[in-house]
Each structure stands twice: as structure tokens, then as C-alpha cells.
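In what follows, a single structure is set out as C-alpha cells and then discussed.
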Amino acid sequence: MNLSDSRTAGQPARPLARFSAAEAVFGAIRQDIEGGNVEVGAKLSSEAALAARYGVSRSVIREALRSCTALGLTVTKTGKGTFVVADRVANDLTLGQYSARDLNEARPHIEVPAAGLAAKRRSPEELEHLKEIVDSMAAETDPETWVGLDASLHSAIARASGNKVFESVVADIREALAHQSETLNMVADRQHVSDDEHLRIVAAIEAGDARAAEAAMADHLSAVSVALDTILSK
């Protein structure tokens, strides 16, 4: 059964506000899957069909489908479409080549000391770049753009640490971080809370306070871990 077939015929879906479009589409698809309206093994409607149904762009549909995949509900096969593979959330998130558990275990050992070193070593240009990113994030209303800025911020902090290993590792996991951030924003409404946490990190780096920068990063990563645990325990 296709998702488009699971609704009552002749009743087009109401267009969704752009502010929460991806979240709303994700919620509708997830409800259909977990409620049994779309069976395991079924192929979802095409991106174009779903975009027309919900009155949103295909990029919004892709955001929603990526979160379904991250939660282990669907799998997208290139050239074939997106298929339902489970009717309940997996016990871990799939984020490209890494899992959420992989990231949660590794990030505190990398990004906490990187933040501390950034507070000691950042150049005026690197600090200005960090401040520009958090200012852009606070003003950003497009979720996809915000996710890209989020990944850029964490990469920039690692770069400002002056440690090439930290910089290389964070660059390597950047895509997974973006997928995780996207899913958390959609499922756990983390965007605005993350903005506040990021501001604390950058403020400590600006003040040259290594301990405060490490503590702020540790608090941020802990909050991310709690949000993930909440999602996976539902």
C-alpha cells in the first residue's frame, strides 16, 4: 500500500505551513507507519506525489524522509523509492555510516577538549567566524539551512582548536552530525534550545575561558544525548 493510498479518496491533504512543514510531513508519515496504515514492505509514494499531497517542496519531503530513515522506519533505494522496513522506531539512529550511539560515545572525547583549546588558541578571525555562524543560526527559519550552519559551527570550533586530529575527525563525522541535528529538530524540537547552548559555547571561547567552554560543550552534548534517548525510548 502506498502512503497516498492510505488516505480517504477524494479528500486532498491540507497544505502545511512552511514553518513546520517537514515536521508535519514527518509526523504524518510516521503515524501512518506506526499505526499500520502503511504496511512493512510497502513503497511510499514518490517525492513528487508526496510534495503535491502536502503542498510543500520536494526538499521538505526529503527532510521528512531522512528522519524516517534515521529512525529505522524506512529505507530509500536509489532509483527505486522509499520502502517501509519497520513499524516502530529502532533502538538506535542510522546516520549515514555512523549511528547515534557511535556519535554519543565519541563526541565528548573530541569536541569537549576541542572547545577548551579553541578558547585558548582561536584567532580573531576564527572567533569572528564563530560569532557570525551563531548569529546566523539564531535568525535562521529554514530548517535545512540551520542544520548546515550547525555542522559548520562544530567544524569551525574544532578548526579553532588548532589540533589537526580534532579538526579531521569532526570533518569526517560532519554529515552524520547534520543528519542527527535534522532529526532532533524535527522530533524533539531542539533548534532554539541548541541556539542558546551554542551561544554559551562561543561566549566562553570569546572570553578565553577554557573550562567554561569545555563545560558548555559538555552540557550541549549531554542535552543532545538525552533528547536522543527520549526519542528512542518512545
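Ordering of the C-alpha cells sets the chain letters (A, B, ...); residue numbers start at 1 within each chain; ligands are numbered from 1 in the order shown.
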
(request) Excluding stretch 216-223 of chain A and any residue of its chain fewer than 3 positions from it, enumerate the residues within 9 Å of it, using only C-alpha atoms, and give them as a list in words. (result)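 In the requested form, the answer reads Asn104, Arg107, Pro108, Glu111, Val112, Pro113, Ala115, Gly116, Ser194, Glu197, His198, Arg200, Ile201, Val202, Ala204, Arg211, Ala212, Ala213, Val226, Ala227 and Leu228 of chain A.
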
Write a file of the selected residues as a PDB file, in the first residue's frame, keeping N, CA, C and O atoms.
ATOM      1  N   ASN A 104      27.458   9.603  20.122  1.00  0.00           N
ATOM      2  CA  ASN A 104      27.340   9.949  21.540  1.00  0.00           C
ATOM      3  C   ASN A 104      28.540   9.481  22.343  1.00  0.00           C
ATOM      4  O   ASN A 104      28.962  10.152  23.290  1.00  0.00           O
ATOM      5  N   ARG A 107      31.848  11.833  20.661  1.00  0.00           N
ATOM      6  CA  ARG A 107      31.892  13.292  20.620  1.00  0.00           C
ATOM      7  C   ARG A 107      32.436  13.950  21.894  1.00  0.00           C
ATOM      8  O   ARG A 107      33.226  14.905  21.797  1.00  0.00           O
ATOM      9  N   PRO A 108      32.057  13.497  23.097  1.00  0.00           N
ATOM     10  CA  PRO A 108      32.594  14.162  24.293  1.00  0.00           C
ATOM     11  C   PRO A 108      34.115  14.093  24.390  1.00  0.00           C
ATOM     12  O   PRO A 108      34.743  14.998  24.952  1.00  0.00           O
ATOM     13  N   GLU A 111      35.019  16.791  21.065  1.00  0.00           N
ATOM     14  CA  GLU A 111      34.544  18.171  20.986  1.00  0.00           C
ATOM     15  C   GLU A 111      34.674  18.952  22.292  1.00  0.00           C
ATOM     16  O   GLU A 111      34.770  20.180  22.268  1.00  0.00           O
ATOM     17  N   VAL A 112      34.658  18.274  23.429  1.00  0.00           N
ATOM     18  CA  VAL A 112      34.841  18.984  24.702  1.00  0.00           C
ATOM     19  C   VAL A 112      36.268  19.547  24.808  1.00  0.00           C
ATOM     20  O   VAL A 112      36.440  20.750  25.027  1.00  0.00           O
ATOM     21  N   PRO A 113      37.305  18.710  24.636  1.00  0.00           N
ATOM     22  CA  PRO A 113      38.658  19.296  24.672  1.00  0.00           C
ATOM     23  C   PRO A 113      38.916  20.261  23.526  1.00  0.00           C
ATOM     24  O   PRO A 113      39.670  21.229  23.690  1.00  0.00           O
ATOM     25  N   ALA A 115      36.786  22.384  22.295  1.00  0.00           N
ATOM     26  CA  ALA A 115      36.225  23.673  22.706  1.00  0.00           C
ATOM     27  C   ALA A 115      37.165  24.382  23.674  1.00  0.00           C
ATOM     28  O   ALA A 115      37.361  25.606  23.601  1.00  0.00           O
ATOM     29  N   GLY A 116      37.753  23.614  24.599  1.00  0.00           N
ATOM     30  CA  GLY A 116      38.697  24.206  25.542  1.00  0.00           C
ATOM     31  C   GLY A 116      39.921  24.776  24.847  1.00  0.00           C
ATOM     32  O   GLY A 116      40.381  25.889  25.160  1.00  0.00           O
ATOM     33  N   SER A 194      19.160  24.532  21.145  1.00  0.00           N
ATOM     34  CA  SER A 194      20.534  24.406  20.661  1.00  0.00           C
ATOM     35  C   SER A 194      21.159  25.772  20.419  1.00  0.00           C
ATOM     36  O   SER A 194      22.352  25.974  20.675  1.00  0.00           O
ATOM     37  N   GLU A 197      22.482  26.978  23.645  1.00  0.00           N
ATOM     38  CA  GLU A 197      23.660  26.202  24.047  1.00  0.00           C
ATOM     39  C   GLU A 197      24.895  26.607  23.238  1.00  0.00           C
ATOM     40  O   GLU A 197      26.003  26.732  23.777  1.00  0.00           O
ATOM     41  N   HIS A 198      24.696  26.824  21.949  1.00  0.00           N
ATOM     42  CA  HIS A 198      25.804  27.238  21.091  1.00  0.00           C
ATOM     43  C   HIS A 198      26.325  28.630  21.474  1.00  0.00           C
ATOM     44  O   HIS A 198      27.536  28.885  21.439  1.00  0.00           O
ATOM     45  N   ARG A 200      26.369  29.899  24.427  1.00  0.00           N
ATOM     46  CA  ARG A 200      27.182  29.739  25.632  1.00  0.00           C
ATOM     47  C   ARG A 200      28.592  29.252  25.279  1.00  0.00           C
ATOM     48  O   ARG A 200      29.582  29.726  25.839  1.00  0.00           O
ATOM     49  N   ILE A 201      28.664  28.312  24.359  1.00  0.00           N
ATOM     50  CA  ILE A 201      29.970  27.775  23.952  1.00  0.00           C
ATOM     51  C   ILE A 201      30.828  28.880  23.338  1.00  0.00           C
ATOM     52  O   ILE A 201      31.989  29.069  23.710  1.00  0.00           O
ATOM     53  N   VAL A 202      30.257  29.609  22.399  1.00  0.00           N
ATOM     54  CA  VAL A 202      31.011  30.643  21.694  1.00  0.00           C
ATOM     55  C   VAL A 202      31.367  31.797  22.644  1.00  0.00           C
ATOM     56  O   VAL A 202      32.461  32.370  22.551  1.00  0.00           O
ATOM     57  N   ALA A 204      32.065  31.539  25.802  1.00  0.00           N
ATOM     58  CA  ALA A 204      33.203  31.080  26.603  1.00  0.00           C
ATOM     59  C   ALA A 204      34.483  31.094  25.779  1.00  0.00           C
ATOM     60  O   ALA A 204      35.557  31.446  26.284  1.00  0.00           O
ATOM     61  N   ARG A 211      37.828  26.284  30.646  1.00  0.00           N
ATOM     62  CA  ARG A 211      36.960  25.437  31.471  1.00  0.00           C
ATOM     63  C   ARG A 211      35.487  25.682  31.165  1.00  0.00           C
ATOM     64  O   ARG A 211      34.698  24.738  31.077  1.00  0.00           O
ATOM     65  N   ALA A 212      35.123  26.944  31.015  1.00  0.00           N
ATOM     66  CA  ALA A 212      33.727  27.266  30.698  1.00  0.00           C
ATOM     67  C   ALA A 212      33.345  26.753  29.316  1.00  0.00           C
ATOM     68  O   ALA A 212      32.220  26.276  29.108  1.00  0.00           O
ATOM     69  N   ALA A 213      34.265  26.836  28.362  1.00  0.00           N
ATOM     70  CA  ALA A 213      33.993  26.338  27.011  1.00  0.00           C
ATOM     71  C   ALA A 213      33.794  24.828  27.030  1.00  0.00           C
ATOM     72  O   ALA A 213      32.878  24.296  26.380  1.00  0.00           O
ATOM     73  N   VAL A 226      20.402  13.158  25.804  1.00  0.00           N
ATOM     74  CA  VAL A 226      19.110  12.982  26.487  1.00  0.00           C
ATOM     75  C   VAL A 226      17.967  13.015  25.492  1.00  0.00           C
ATOM     76  O   VAL A 226      17.027  12.207  25.564  1.00  0.00           O
ATOM     77  N   ALA A 227      18.014  13.963  24.553  1.00  0.00           N
ATOM     78  CA  ALA A 227      16.969  14.062  23.531  1.00  0.00           C
ATOM     79  C   ALA A 227      16.897  12.801  22.688  1.00  0.00           C
ATOM     80  O   ALA A 227      15.814  12.295  22.374  1.00  0.00           O
ATOM     81  N   LEU A 228      18.064  12.261  22.325  1.00  0.00           N
ATOM     82  CA  LEU A 228      18.090  11.020  21.553  1.00  0.00           C
ATOM     83  C   LEU A 228      17.505   9.865  22.339  1.00  0.00           C
ATOM     84  O   LEU A 228      16.720   9.061  21.818  1.00  0.00           O
TER      85      LEU A 228
END

(request) Could you give me, as a PyMOL selection string, each residue of stretch 8-225 of chain A that DSSP assigns to helix (DSSP H, G or I) when run on this structure's backbone? (result) chain A and resi 18-34+47-54+58-70+100-121+124-139+143-160+164-172+174-188+191-207+210-225

Non-local contacts of A:Ala119 (8 Å; only C-alpha atoms; under 5 positions in same chain excluded) as a PDB file with all heavy atoms, in the first residue's frame:
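The resulting selection.pdb:
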ATOM      1  N   SER A 161      40.525  24.966  17.429  1.00  0.00           N
ATOM      2  CA  SER A 161      41.296  24.331  18.495  1.00  0.00           C
ATOM      3  C   SER A 161      42.777  24.264  18.142  1.00  0.00           C
ATOM      4  O   SER A 161      43.633  24.110  19.019  1.00  0.00           O
ATOM      5  CB  SER A 161      40.783  22.907  18.763  1.00  0.00           C
ATOM      6  OG  SER A 161      41.195  22.007  17.734  1.00  0.00           O
ATOM      7  N   ALA A 204      32.065  31.539  25.802  1.00  0.00           N
ATOM      8  CA  ALA A 204      33.203  31.080  26.603  1.00  0.00           C
ATOM      9  C   ALA A 204      34.483  31.094  25.779  1.00  0.00           C
ATOM     10  O   ALA A 204      35.557  31.446  26.284  1.00  0.00           O
ATOM     11  CB  ALA A 204      32.931  29.680  27.141  1.00  0.00           C
ATOM     12  N   ILE A 205      34.382  30.717  24.512  1.00  0.00           N
ATOM     13  CA  ILE A 205      35.554  30.769  23.629  1.00  0.00           C
ATOM     14  C   ILE A 205      36.005  32.220  23.458  1.00  0.00           C
ATOM     15  O   ILE A 205      37.198  32.528  23.497  1.00  0.00           O
ATOM     16  CB  ILE A 205      35.229  30.117  22.265  1.00  0.00           C
ATOM     17  CG1 ILE A 205      35.027  28.605  22.446  1.00  0.00           C
ATOM     18  CG2 ILE A 205      36.337  30.398  21.250  1.00  0.00           C
ATOM     19  CD1 ILE A 205      34.551  27.893  21.187  1.00  0.00           C
ATOM     20  N   GLU A 206      35.050  33.125  23.294  1.00  0.00           N
ATOM     21  CA  GLU A 206      35.384  34.548  23.152  1.00  0.00           C
ATOM     22  C   GLU A 206      36.085  35.072  24.412  1.00  0.00           C
ATOM     23  O   GLU A 206      37.032  35.871  24.321  1.00  0.00           O
ATOM     24  CB  GLU A 206      34.125  35.366  22.891  1.00  0.00           C
ATOM     25  CG  GLU A 206      34.394  36.852  22.725  1.00  0.00           C
ATOM     26  CD  GLU A 206      33.145  37.643  22.380  1.00  0.00           C
ATOM     27  OE1 GLU A 206      32.026  37.134  22.597  1.00  0.00           O
ATOM     28  OE2 GLU A 206      33.293  38.778  21.888  1.00  0.00           O
ATOM     29  N   ALA A 207      35.624  34.606  25.598  1.00  0.00           N
ATOM     30  CA  ALA A 207      36.202  35.058  26.854  1.00  0.00           C
ATOM     31  C   ALA A 207      37.559  34.419  27.136  1.00  0.00           C
ATOM     32  O   ALA A 207      38.236  34.801  28.093  1.00  0.00           O
ATOM     33  CB  ALA A 207      35.236  34.762  28.001  1.00  0.00           C
ATOM     34  N   GLY A 208      37.933  33.435  26.325  1.00  0.00           N
ATOM     35  CA  GLY A 208      39.193  32.740  26.546  1.00  0.00           C
ATOM     36  C   GLY A 208      39.158  31.828  27.760  1.00  0.00           C
ATOM     37  O   GLY A 208      40.207  31.483  28.313  1.00  0.00           O
ATOM     38  N   ASP A 209      37.952  31.433  28.166  1.00  0.00           N
ATOM     39  CA  ASP A 209      37.767  30.599  29.358  1.00  0.00           C
ATOM     40  C   ASP A 209      37.650  29.135  28.937  1.00  0.00           C
ATOM     41  O   ASP A 209      36.567  28.672  28.561  1.00  0.00           O
ATOM     42  CB  ASP A 209      36.506  31.045  30.104  1.00  0.00           C
ATOM     43  CG  ASP A 209      36.374  30.416  31.490  1.00  0.00           C
ATOM     44  OD1 ASP A 209      36.896  29.297  31.675  1.00  0.00           O
ATOM     45  OD2 ASP A 209      35.733  31.030  32.352  1.00  0.00           O
ATOM     46  N   ALA A 210      38.750  28.407  28.998  1.00  0.00           N
ATOM     47  CA  ALA A 210      38.769  27.025  28.520  1.00  0.00           C
ATOM     48  C   ALA A 210      37.828  26.132  29.318  1.00  0.00           C
ATOM     49  O   ALA A 210      37.117  25.299  28.745  1.00  0.00           O
ATOM     50  CB  ALA A 210      40.189  26.471  28.581  1.00  0.00           C
ATOM     51  N   ALA A 213      34.265  26.836  28.362  1.00  0.00           N
ATOM     52  CA  ALA A 213      33.993  26.338  27.011  1.00  0.00           C
ATOM     53  C   ALA A 213      33.794  24.828  27.030  1.00  0.00           C
ATOM     54  O   ALA A 213      32.878  24.296  26.380  1.00  0.00           O
ATOM     55  CB  ALA A 213      35.133  26.714  26.074  1.00  0.00           C
TER      56      ALA A 213
END

Quick one: contact table of stretch 135-202 of chain A to stretch 57-79 of chain A, 8 Å max, nearest atom pair and distance in Å to one decimal per residue, counting only C-alpha atoms, chain and number order, as CSV?
residue,atom,partner,partner_atom,distance
A:Glu144,CA,A:Glu63,CA,7.6
A:His179,CA,A:Arg66,CA,7.6
A:Gln180,CA,A:Ala70,CA,7.9
A:Glu182,CA,A:Ser67,CA,7.3
A:Thr183,CA,A:Ser67,CA,5.1
A:Met186,CA,A:Ser67,CA,7.8

Written selection (N, CA and C atoms) as a compact mmCIF listing (two decimals), in the first residue's frame:
# COMPACT_ATOMS: atom_id res chain seq x y z
N GLU A 144 16.60 23.35 6.98
CA GLU A 144 17.70 22.72 6.25
C GLU A 144 18.95 23.60 6.31
N HIS A 179 22.69 15.00 9.88
CA HIS A 179 21.51 14.13 9.89
C HIS A 179 20.93 14.02 11.30
N GLN A 180 21.82 13.92 12.30
CA GLN A 180 21.35 13.81 13.69
C GLN A 180 20.64 15.10 14.11
N GLU A 182 19.19 17.32 12.21
CA GLU A 182 17.93 17.42 11.47
C GLU A 182 16.84 16.60 12.14
N THR A 183 17.16 15.38 12.53
CA THR A 183 16.18 14.50 13.16
C THR A 183 15.77 15.01 14.52
N MET A 186 13.40 17.92 14.25
CA MET A 186 12.09 17.53 13.77
C MET A 186 11.29 16.76 14.83

(request) Record the distance separating atom CA of A:Ser99 and atom CA of A:Arg174, expressed in Å with one decimal. (result)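 Separation between atom CA of A:Ser99 and atom CA of A:Arg174: 12.7 Å.
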
(request) Report the distance between atom CA of A:Leu93 and atom CA of A:Leu232 in Å, rounded to one decimal place. (result)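 Atom CA of A:Leu232 lies 8.1 Å from atom CA of A:Leu93.
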
(message) Report as a ChimeraX atom specification all protein, DNA and RNA residues lying within 12 Å of stretch 130-141 of chain A, evaluated on only C-alpha atoms, omitting residues in the same chain fewer than 3 positions from it.
(response) /A:18-21,115,118-119,122-127,144-160,191-206

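Atom CA of A:Asp92 is found 21.7 Å from atom CA of A:Val25.
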
(message) When DSSP is applied to the backbone of this structure, which of stretch 12-232 of chain A are assigned strand (DSSP E or B)? Write them out as a list in words.
(response) Lys43, Thr74, Val75, Thr76, Lys77, Gly81, Thr82, Phe83, Val84, Thr94, Leu95, Tyr98 and Ser99 of chain A

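Nearest-residue note for A:Ala114: choosing from A:Phe83, A:Phe166, A:Tyr98, A:Phe26, the minimum distance belongs to A:Phe166, counting only C-alpha atoms.
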
(request) Determine the nearest neighbour of A:Gln31 from the options A:Arg88, A:Ala48, A:Ile173, A:Lys43, counting only C-alpha atoms. (result) A:Arg88
